[in-house]
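Trainee: Take this structure, written in C-alpha cells, and hold onto it; I'll ask about it next.
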Amino acid sequence: MSLKPGRVALVTGASRGLGRAIALRLAREGASIAVNYLEDPEGVNRQEAEAVASEVTAGGGKAIPVAANVSDAAQVETMARTIAGALGPVSILVNNAGILRDMTLKRMGEEDWQAVLDVNLTGAFRCVRAVLEGMREAGWGRVVNLSSVVGLTGGLGQTNYAASKAGLIGFTKSLAREVGRRGITANAVAPGFIRTGMLYTIPEEARTKILEQIPLNAWGEPEDVAHAVAFLASEESRYITGQVIGVNGGYYM
Ligand code: NDP
C-alpha cells in the first residue's frame with residue numbers, strides 16, 4: 001500500500017477507539033493527519049487527541065489535533081479551514097465519529113433518534129461537503145465512511161443506529177456516482193464486533209451469544225479495521241468505489 005507524499009487525512013472522532021487506530025495507521029502510510037475530537041468540559045478528549053498527534057509526530061510524521069462537533073455545520077467548516085491552513089487541503093476523509101443511543105423503539109424519543117442520525121449520518125454529509133471542493137480541485141480524493149454490520153443486519157434496540165449506518169451506505173454509493181469522474185472514490189467499511197469501548201456497552205450474556213456466531217471465533221481489533229480503511233485510502237484502491245467492505249470475522253456474509 002502506498003500514499004503519495006502530501007496526502008492529508010482527516011479522521012473524525014480520532015481521540016480513541018477505531019478513529020485513533022485509523023489515524024495512526026494512515027500516518028504510517030505517510031499521510032499528514034488531522035485528529036478530530038469532540039470538545040468536552042473536562043478536556044479529556046483534547047488530551048487524548050493531542051496524545052495521538054504527538055505519537056504521529058514522534059514517529060516523524062505531521063499531525064494536528066482539531067476540535068469540532070460533527071453535529072455543527074459551522075464547526076465542521078471551520079475545522080476544514082484550520083486543517084487547510086496547517087497541513088493543506090484534506091485529500092482523505094474518514095467519517096468515523098459515531099454514537100449509540102440503544103433502546104427499543106417503544107421507548108425511543110424523537111431526540112434519541114435525531115441525535116444518532118445527526119452525528120452518524122448528517123455528520124458525514126457535513127464533513128464531505130466541507131472538504132469536497134479541495135478534492136475536486138486536486139483531482140484526487142478518498143472518502144471512507146464507517147458504517148456497521150448493524151446497518152446490514154439490523155440490531156435489537158438499534159433502530160436509530162441501524163438507520164444511520166444503513167443510510168451511510170446509500171450516501172456512500174450515491175457520492176461514489178457523483179464524484180467518480182473527478183478521481184474521488186467513496187467507500188464504506190462495515191465493522192462487525194471490534195474491541196473498543198462500544199463493544200462493552202453490550203451486556204456480557206449477549207456478547208457470549210454473538211461470539212458463538214462469528215466463524216473466526218474472535219472479536220476484531222481496531223487495527224483490523226484500520227488496515228481496511230488504509231487500503232481504501234491508498235493509491236492502489238483507485239478502481240474501487242461505492243463498495244462496502246465487511247470487517248467482521250465472517251459474522252455477516
Ligand atoms: P468510540 O465510542 O470508541 O469512539 C467514537 C468517537 O467519536 C469518540 O472519540 C467520540 O468522542 C467521537 N464523537 C462522538 N460524537 C462526536 C461528534 N458529535 N463530533 C465529533 N466526534 C464525535 O467508538 P468506536 O471507536 O468503537 O467506533 C468508531 C466508529 O465505528 C463509529 O462510527 C461506530 O459506529 C463504528 N463501528 C464500531 C464498531 C465497534 O465494534 N466498535 C462496530 C461497527 C461500527 P467522545 O469520546 O466524546 O464520545
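In the C-alpha cells, the first chain shown is A, the next is B, and so on; residue numbers restart at 1 for each chain, and ligands run from 1 in the order shown.
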Can you check which residues of region 2-235 of chain A DSSP gives as alpha helix (DSSP H) on the backbone and send them as a VMD selection string?
Mentor: chain A and resid 17 to 28 44 to 58 73 to 86 110 to 117 123 to 138 150 to 153 159 to 179 204 to 212 222 to 233
Trainee: Write as a PyMOL selection string the residues around ligand 1, taking 8 Å as the cut-off and counting only C-alpha atoms and all ligand atoms.
Mentor: chain A and resi 12-20+36-40+45+67-72+95-100+119-120+123+146-150+161+165+190-199+220+222
Trainee: Can those selected residues be exported to a file as a PDB file, in the first residue's frame so that it contains C-alpha atoms?
Mentor:
```pdb
ATOM      1  CA  THR A  12     -13.263  12.286  12.771  1.00  0.00           C
ATOM      2  CA  GLY A  13     -13.625  11.068  16.357  1.00  0.00           C
ATOM      3  CA  ALA A  14      -9.955  10.090  16.368  1.00  0.00           C
ATOM      4  CA  SER A  15      -9.106  10.654  20.035  1.00  0.00           C
ATOM      5  CA  ARG A  16      -9.781   6.989  20.844  1.00  0.00           C
ATOM      6  CA  GLY A  17     -11.124   3.659  19.591  1.00  0.00           C
ATOM      7  CA  LEU A  18     -11.181   2.913  15.882  1.00  0.00           C
ATOM      8  CA  GLY A  19     -10.528   6.535  14.926  1.00  0.00           C
ATOM      9  CA  ARG A  20      -7.260   6.542  16.869  1.00  0.00           C
ATOM     10  CA  ASN A  36     -10.579  15.450  15.084  1.00  0.00           C
ATOM     11  CA  TYR A  37     -12.092  15.298  18.547  1.00  0.00           C
ATOM     12  CA  LEU A  38     -15.232  16.441  20.315  1.00  0.00           C
ATOM     13  CA  GLU A  39     -14.528  19.125  22.925  1.00  0.00           C
ATOM     14  CA  ASP A  40     -15.658  18.002  26.397  1.00  0.00           C
ATOM     15  CA  ASN A  45     -10.792  14.261  24.537  1.00  0.00           C
ATOM     16  CA  ALA A  67     -11.789  20.169  17.673  1.00  0.00           C
ATOM     17  CA  ALA A  68     -15.200  20.106  16.007  1.00  0.00           C
ATOM     18  CA  ASN A  69     -18.575  18.681  16.782  1.00  0.00           C
ATOM     19  CA  VAL A  70     -19.681  16.989  13.557  1.00  0.00           C
ATOM     20  CA  SER A  71     -23.269  17.853  14.523  1.00  0.00           C
ATOM     21  CA  ASP A  72     -22.455  21.509  13.952  1.00  0.00           C
ATOM     22  CA  ASN A  95     -16.002   9.650   8.697  1.00  0.00           C
ATOM     23  CA  ASN A  96     -15.560   7.679  11.889  1.00  0.00           C
ATOM     24  CA  ALA A  97     -17.286   9.743  14.607  1.00  0.00           C
ATOM     25  CA  GLY A  98     -20.300   7.853  15.857  1.00  0.00           C
ATOM     26  CA  ILE A  99     -22.596   7.420  18.810  1.00  0.00           C
ATOM     27  CA  LEU A 100     -25.092   4.874  20.115  1.00  0.00           C
ATOM     28  CA  VAL A 119     -23.830  12.582  14.332  1.00  0.00           C
ATOM     29  CA  ASN A 120     -23.548   9.323  12.392  1.00  0.00           C
ATOM     30  CA  GLY A 123     -22.134  14.448  10.382  1.00  0.00           C
ATOM     31  CA  LEU A 146     -17.557   3.901   8.945  1.00  0.00           C
ATOM     32  CA  SER A 147     -20.820   2.035   8.618  1.00  0.00           C
ATOM     33  CA  SER A 148     -21.531  -1.086  10.677  1.00  0.00           C
ATOM     34  CA  VAL A 149     -22.653  -4.678  10.271  1.00  0.00           C
ATOM     35  CA  VAL A 150     -25.765  -3.463  12.093  1.00  0.00           C
ATOM     36  CA  TYR A 161     -28.182   3.417  14.916  1.00  0.00           C
ATOM     37  CA  LYS A 165     -25.421   3.116   9.366  1.00  0.00           C
ATOM     38  CA  ALA A 190     -18.734  -2.068   7.932  1.00  0.00           C
ATOM     39  CA  PRO A 191     -17.042  -3.409  11.059  1.00  0.00           C
ATOM     40  CA  GLY A 192     -18.569  -6.255  12.999  1.00  0.00           C
ATOM     41  CA  PHE A 193     -17.746  -6.515  16.682  1.00  0.00           C
ATOM     42  CA  ILE A 194     -14.482  -4.780  17.420  1.00  0.00           C
ATOM     43  CA  ARG A 195     -12.783  -4.487  20.780  1.00  0.00           C
ATOM     44  CA  THR A 196     -13.397  -0.833  21.689  1.00  0.00           C
ATOM     45  CA  GLY A 197     -15.474   0.873  24.373  1.00  0.00           C
ATOM     46  CA  MET A 198     -18.559   0.476  22.156  1.00  0.00           C
ATOM     47  CA  LEU A 199     -18.385  -3.351  22.298  1.00  0.00           C
ATOM     48  CA  GLY A 220     -11.922  -7.825  15.847  1.00  0.00           C
ATOM     49  CA  PRO A 222      -9.154  -1.751  15.928  1.00  0.00           C
TER      50      PRO A 222
END
```
Trainee: Tell me, in Å to one decimal, how far CA of Trp140 (chain A) is from CA of Met79 (chain A).
Mentor: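 Between these atoms lies a distance of 20.3 Å.
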Trainee: I'd like the neighbourhood of Gly141 (chain A) as a PyMOL selection string, where a residue qualifies if any of its atoms comes within 10 Å (using only C-alpha atoms), though same-chain residues fewer than 6 positions away should be ignored.
Mentor: chain A and resi 7-9+90-93+131-132+134-135+179-180+182-186+233-235+238
Trainee: Which of region 102-179 of chain A counts as strand (DSSP E or B) under DSSP, as number ranges by chain please?
Mentor: A: 141-146
Trainee: Those same residues, written as a PDB file, in the first residue's frame with all heavy atoms?
Mentor:
```pdb
ATOM      1  N   GLY A 141      -9.191  12.137  -4.450  1.00  0.00           N
ATOM      2  CA  GLY A 141      -9.739  12.137  -3.085  1.00  0.00           C
ATOM      3  C   GLY A 141     -10.214  10.752  -2.695  1.00  0.00           C
ATOM      4  O   GLY A 141     -10.513   9.905  -3.552  1.00  0.00           O
ATOM      5  N   ARG A 142     -10.252  10.537  -1.397  1.00  0.00           N
ATOM      6  CA  ARG A 142     -10.727   9.262  -0.848  1.00  0.00           C
ATOM      7  C   ARG A 142     -11.666   9.581   0.320  1.00  0.00           C
ATOM      8  O   ARG A 142     -11.260  10.263   1.269  1.00  0.00           O
ATOM      9  CB  ARG A 142      -9.556   8.430  -0.305  1.00  0.00           C
ATOM     10  CG  ARG A 142      -8.511   8.028  -1.327  1.00  0.00           C
ATOM     11  CD  ARG A 142      -9.007   6.844  -2.151  1.00  0.00           C
ATOM     12  NE  ARG A 142      -7.997   6.352  -3.057  1.00  0.00           N
ATOM     13  CZ  ARG A 142      -7.892   6.707  -4.347  1.00  0.00           C
ATOM     14  NH1 ARG A 142      -8.716   7.587  -4.876  1.00  0.00           N
ATOM     15  NH2 ARG A 142      -6.948   6.181  -5.109  1.00  0.00           N
ATOM     16  N   VAL A 143     -12.889   9.061   0.214  1.00  0.00           N
ATOM     17  CA  VAL A 143     -13.818   9.189   1.342  1.00  0.00           C
ATOM     18  C   VAL A 143     -14.099   7.777   1.842  1.00  0.00           C
ATOM     19  O   VAL A 143     -14.446   6.894   1.049  1.00  0.00           O
ATOM     20  CB  VAL A 143     -15.146   9.873   0.920  1.00  0.00           C
ATOM     21  CG1 VAL A 143     -16.118   9.922   2.102  1.00  0.00           C
ATOM     22  CG2 VAL A 143     -14.877  11.274   0.380  1.00  0.00           C
ATOM     23  N   VAL A 144     -13.895   7.562   3.133  1.00  0.00           N
ATOM     24  CA  VAL A 144     -14.194   6.254   3.725  1.00  0.00           C
ATOM     25  C   VAL A 144     -15.150   6.487   4.897  1.00  0.00           C
ATOM     26  O   VAL A 144     -14.842   7.236   5.832  1.00  0.00           O
ATOM     27  CB  VAL A 144     -12.913   5.537   4.223  1.00  0.00           C
ATOM     28  CG1 VAL A 144     -13.270   4.145   4.745  1.00  0.00           C
ATOM     29  CG2 VAL A 144     -11.867   5.437   3.123  1.00  0.00           C
ATOM     30  N   ASN A 145     -16.325   5.886   4.794  1.00  0.00           N
ATOM     31  CA  ASN A 145     -17.348   6.064   5.827  1.00  0.00           C
ATOM     32  C   ASN A 145     -17.437   4.819   6.704  1.00  0.00           C
ATOM     33  O   ASN A 145     -17.521   3.706   6.185  1.00  0.00           O
ATOM     34  CB  ASN A 145     -18.707   6.330   5.163  1.00  0.00           C
ATOM     35  CG  ASN A 145     -18.705   7.650   4.402  1.00  0.00           C
ATOM     36  OD1 ASN A 145     -18.152   8.641   4.870  1.00  0.00           O
ATOM     37  ND2 ASN A 145     -19.295   7.656   3.223  1.00  0.00           N
ATOM     38  N   LEU A 146     -17.424   5.024   8.025  1.00  0.00           N
ATOM     39  CA  LEU A 146     -17.557   3.901   8.945  1.00  0.00           C
ATOM     40  C   LEU A 146     -19.031   3.582   9.130  1.00  0.00           C
ATOM     41  O   LEU A 146     -19.747   4.279   9.848  1.00  0.00           O
ATOM     42  CB  LEU A 146     -16.899   4.231  10.293  1.00  0.00           C
ATOM     43  CG  LEU A 146     -15.421   3.857  10.461  1.00  0.00           C
ATOM     44  CD1 LEU A 146     -15.240   2.349  10.574  1.00  0.00           C
ATOM     45  CD2 LEU A 146     -14.551   4.386   9.330  1.00  0.00           C
TER      46      LEU A 146
END
```
Trainee: Would you list the contacts of Ser174 (chain A) as an NGL selection string, taking every protein, DNA or RNA residue within 12 Å and counting only C-alpha atoms, but skipping same-chain residues closer than 6 positions in sequence?
Mentor: :A and (125 or 167-168 or 180 or 185-188 or 241-243)
Trainee: Those residues you just picked out, can you put them in a file as a compact mmCIF listing (two decimals), in the first residue's frame with N, CA and C atoms?
Mentor:
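To be explicit, this is the file written out as out-v3.txt:
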```txt
# COMPACT_ATOMS: atom_id res chain seq x y z
N PHE A 125 -22.18 13.75 6.07
CA PHE A 125 -22.59 14.67 4.98
C PHE A 125 -21.89 16.03 5.14
N GLY A 167 -28.06 4.18 6.22
CA GLY A 167 -28.10 5.45 5.48
C GLY A 167 -26.74 5.81 4.92
N LEU A 168 -25.69 5.54 5.71
CA LEU A 168 -24.33 5.85 5.25
C LEU A 168 -23.97 5.05 4.01
N GLY A 180 -17.00 10.27 -9.00
CA GLY A 180 -16.03 9.36 -9.62
C GLY A 180 -15.23 10.01 -10.75
N THR A 185 -12.92 8.63 -4.86
CA THR A 185 -13.67 7.41 -4.56
C THR A 185 -14.36 7.56 -3.21
N ALA A 186 -15.46 6.83 -3.06
CA ALA A 186 -16.18 6.81 -1.77
C ALA A 186 -16.54 5.36 -1.48
N ASN A 187 -16.11 4.89 -0.32
CA ASN A 187 -16.40 3.52 0.09
C ASN A 187 -16.80 3.49 1.55
N ALA A 188 -17.41 2.39 1.93
CA ALA A 188 -17.78 2.22 3.34
C ALA A 188 -17.08 0.99 3.90
N THR A 241 -14.78 1.75 -5.89
CA THR A 241 -15.63 2.82 -5.35
C THR A 241 -17.07 2.34 -5.20
N GLY A 242 -17.76 2.93 -4.23
CA GLY A 242 -19.16 2.57 -3.98
C GLY A 242 -19.32 1.22 -3.31
N GLN A 243 -18.24 0.73 -2.68
CA GLN A 243 -18.28 -0.62 -2.10
C GLN A 243 -18.43 -0.57 -0.57
```
Trainee: Using Å and a single decimal, report how far CA of Glu137 (chain A) sits from CA of Arg28 (chain A).
Mentor: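 One can read the CA of Arg28 (chain A) to CA of Glu137 (chain A) distance as 25.6 Å.
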Trainee: Just want the 10 Å neighbourhood of Glu50 (chain A), counted on only C-alpha atoms, with same-chain residues fewer than 3 positions away dropped. Output as an MDAnalysis selection string.
Mentor: chainID A and resid 15 35:37 44:47 53:56 63:66
Trainee: Could you dump the residues just selected with all heavy atoms as a CSV table (one decimal), in the first residue's frame?
Mentor:
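Heads up, here's the output in part.csv:
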```csv
chain,number,residue,atom,x,y,z
A,15,SER,N,-9.8,10.6,18.8
A,15,SER,CA,-9.1,10.7,20.0
A,15,SER,C,-9.0,9.3,20.7
A,15,SER,O,-8.1,9.0,21.5
A,15,SER,CB,-9.8,11.6,21.0
A,15,SER,OG,-11.1,11.2,21.2
A,35,VAL,N,-6.4,15.1,13.6
A,35,VAL,CA,-7.0,14.2,14.6
A,35,VAL,C,-8.2,15.0,15.1
A,35,VAL,O,-8.1,15.8,16.1
A,35,VAL,CB,-6.0,13.9,15.7
A,35,VAL,CG1,-6.6,13.0,16.7
A,35,VAL,CG2,-4.7,13.3,15.2
A,36,ASN,N,-9.4,14.7,14.6
A,36,ASN,CA,-10.6,15.4,15.1
A,36,ASN,C,-11.0,14.9,16.4
A,36,ASN,O,-11.0,13.7,16.6
A,36,ASN,CB,-11.7,15.4,14.1
A,36,ASN,CG,-13.1,15.7,14.7
A,36,ASN,OD1,-13.9,14.8,14.9
A,36,ASN,ND2,-13.3,17.0,15.0
A,37,TYR,N,-11.5,15.8,17.3
A,37,TYR,CA,-12.1,15.3,18.5
A,37,TYR,C,-13.2,16.2,18.9
A,37,TYR,O,-13.4,17.3,18.4
A,37,TYR,CB,-11.0,15.3,19.7
A,37,TYR,CG,-10.5,16.6,20.0
A,37,TYR,CD1,-11.1,17.3,21.1
A,37,TYR,CD2,-9.5,17.2,19.3
A,37,TYR,CE1,-10.6,18.6,21.5
A,37,TYR,CE2,-9.0,18.5,19.6
A,37,TYR,CZ,-9.6,19.2,20.7
A,37,TYR,OH,-9.1,20.4,21.0
A,44,VAL,N,-10.7,16.0,28.4
A,44,VAL,CA,-10.2,14.6,28.3
A,44,VAL,C,-9.9,14.3,26.8
A,44,VAL,O,-8.8,13.8,26.4
A,44,VAL,CB,-11.1,13.5,28.9
A,44,VAL,CG1,-10.6,12.1,28.6
A,44,VAL,CG2,-11.2,13.8,30.4
A,45,ASN,N,-10.9,14.6,26.0
A,45,ASN,CA,-10.8,14.3,24.5
A,45,ASN,C,-9.6,15.0,23.9
A,45,ASN,O,-8.9,14.5,23.0
A,45,ASN,CB,-12.1,14.6,23.8
A,45,ASN,CG,-13.2,13.6,24.2
A,45,ASN,OD1,-13.0,12.6,24.9
A,45,ASN,ND2,-14.4,13.9,23.7
A,46,ARG,N,-9.5,16.3,24.3
A,46,ARG,CA,-8.4,17.1,23.8
A,46,ARG,C,-7.1,16.5,24.1
A,46,ARG,O,-6.2,16.3,23.3
A,46,ARG,CB,-8.5,18.6,24.3
A,46,ARG,CG,-7.3,19.4,23.8
A,46,ARG,CD,-7.5,20.9,23.9
A,46,ARG,NE,-8.2,21.3,25.2
A,46,ARG,CZ,-7.6,21.4,26.4
A,46,ARG,NH1,-6.3,21.1,26.5
A,46,ARG,NH2,-8.3,21.8,27.4
A,47,GLN,N,-6.9,16.1,25.4
A,47,GLN,CA,-5.7,15.4,25.8
A,47,GLN,C,-5.4,14.2,25.0
A,47,GLN,O,-4.3,13.9,24.6
A,47,GLN,CB,-5.7,15.1,27.3
A,47,GLN,CG,-5.5,16.3,28.2
A,47,GLN,CD,-5.8,16.0,29.7
A,47,GLN,OE1,-5.8,14.8,30.1
A,47,GLN,NE2,-6.0,17.0,30.4
A,53,ALA,N,-1.8,12.9,18.2
A,53,ALA,CA,-1.0,13.7,17.3
A,53,ALA,C,0.5,13.6,17.7
A,53,ALA,O,1.4,13.6,16.8
A,53,ALA,CB,-1.5,15.2,17.4
A,54,SER,N,0.8,13.6,19.0
A,54,SER,CA,2.2,13.5,19.5
A,54,SER,C,2.8,12.2,19.0
A,54,SER,O,4.0,12.2,18.7
A,54,SER,CB,2.3,13.6,21.0
A,54,SER,OG,1.8,14.9,21.4
A,55,GLU,N,2.0,11.1,19.1
A,55,GLU,CA,2.5,9.8,18.7
A,55,GLU,C,2.9,9.9,17.2
A,55,GLU,O,4.0,9.3,16.8
A,55,GLU,CB,1.5,8.8,18.9
A,55,GLU,CG,2.0,7.4,19.1
A,55,GLU,CD,1.0,6.4,19.6
A,55,GLU,OE1,0.1,6.7,20.4
A,55,GLU,OE2,1.1,5.2,19.1
A,56,VAL,N,2.1,10.6,16.4
A,56,VAL,CA,2.5,10.7,15.0
A,56,VAL,C,3.7,11.5,14.8
A,56,VAL,O,4.7,11.1,14.1
A,56,VAL,CB,1.3,11.3,14.2
A,56,VAL,CG1,1.7,11.6,12.7
A,56,VAL,CG2,0.1,10.4,14.2
A,63,ALA,N,1.0,15.9,12.3
A,63,ALA,CA,-0.4,15.8,12.7
A,63,ALA,C,-0.8,17.0,13.6
A,63,ALA,O,0.1,17.6,14.2
A,63,ALA,CB,-0.5,14.5,13.6
A,64,ILE,N,-2.1,17.3,13.5
A,64,ILE,CA,-2.6,18.3,14.5
A,64,ILE,C,-3.9,17.8,15.1
A,64,ILE,O,-4.7,17.1,14.4
A,64,ILE,CB,-2.9,19.7,13.8
A,64,ILE,CG1,-3.8,19.5,12.6
A,64,ILE,CG2,-1.6,20.4,13.4
A,64,ILE,CD1,-4.5,20.8,12.1
A,65,PRO,N,-4.1,18.1,16.3
A,65,PRO,CA,-5.5,17.8,16.9
A,65,PRO,C,-6.4,19.0,16.5
A,65,PRO,O,-6.0,20.1,16.4
A,65,PRO,CB,-5.2,17.9,18.4
A,65,PRO,CG,-4.0,18.7,18.6
A,65,PRO,CD,-3.2,18.7,17.3
A,66,VAL,N,-7.6,18.7,16.1
A,66,VAL,CA,-8.6,19.7,15.7
A,66,VAL,C,-10.0,19.4,16.3
A,66,VAL,O,-10.5,18.4,16.0
A,66,VAL,CB,-8.5,20.0,14.2
A,66,VAL,CG1,-8.7,18.8,13.4
A,66,VAL,CG2,-9.4,21.1,13.8
```
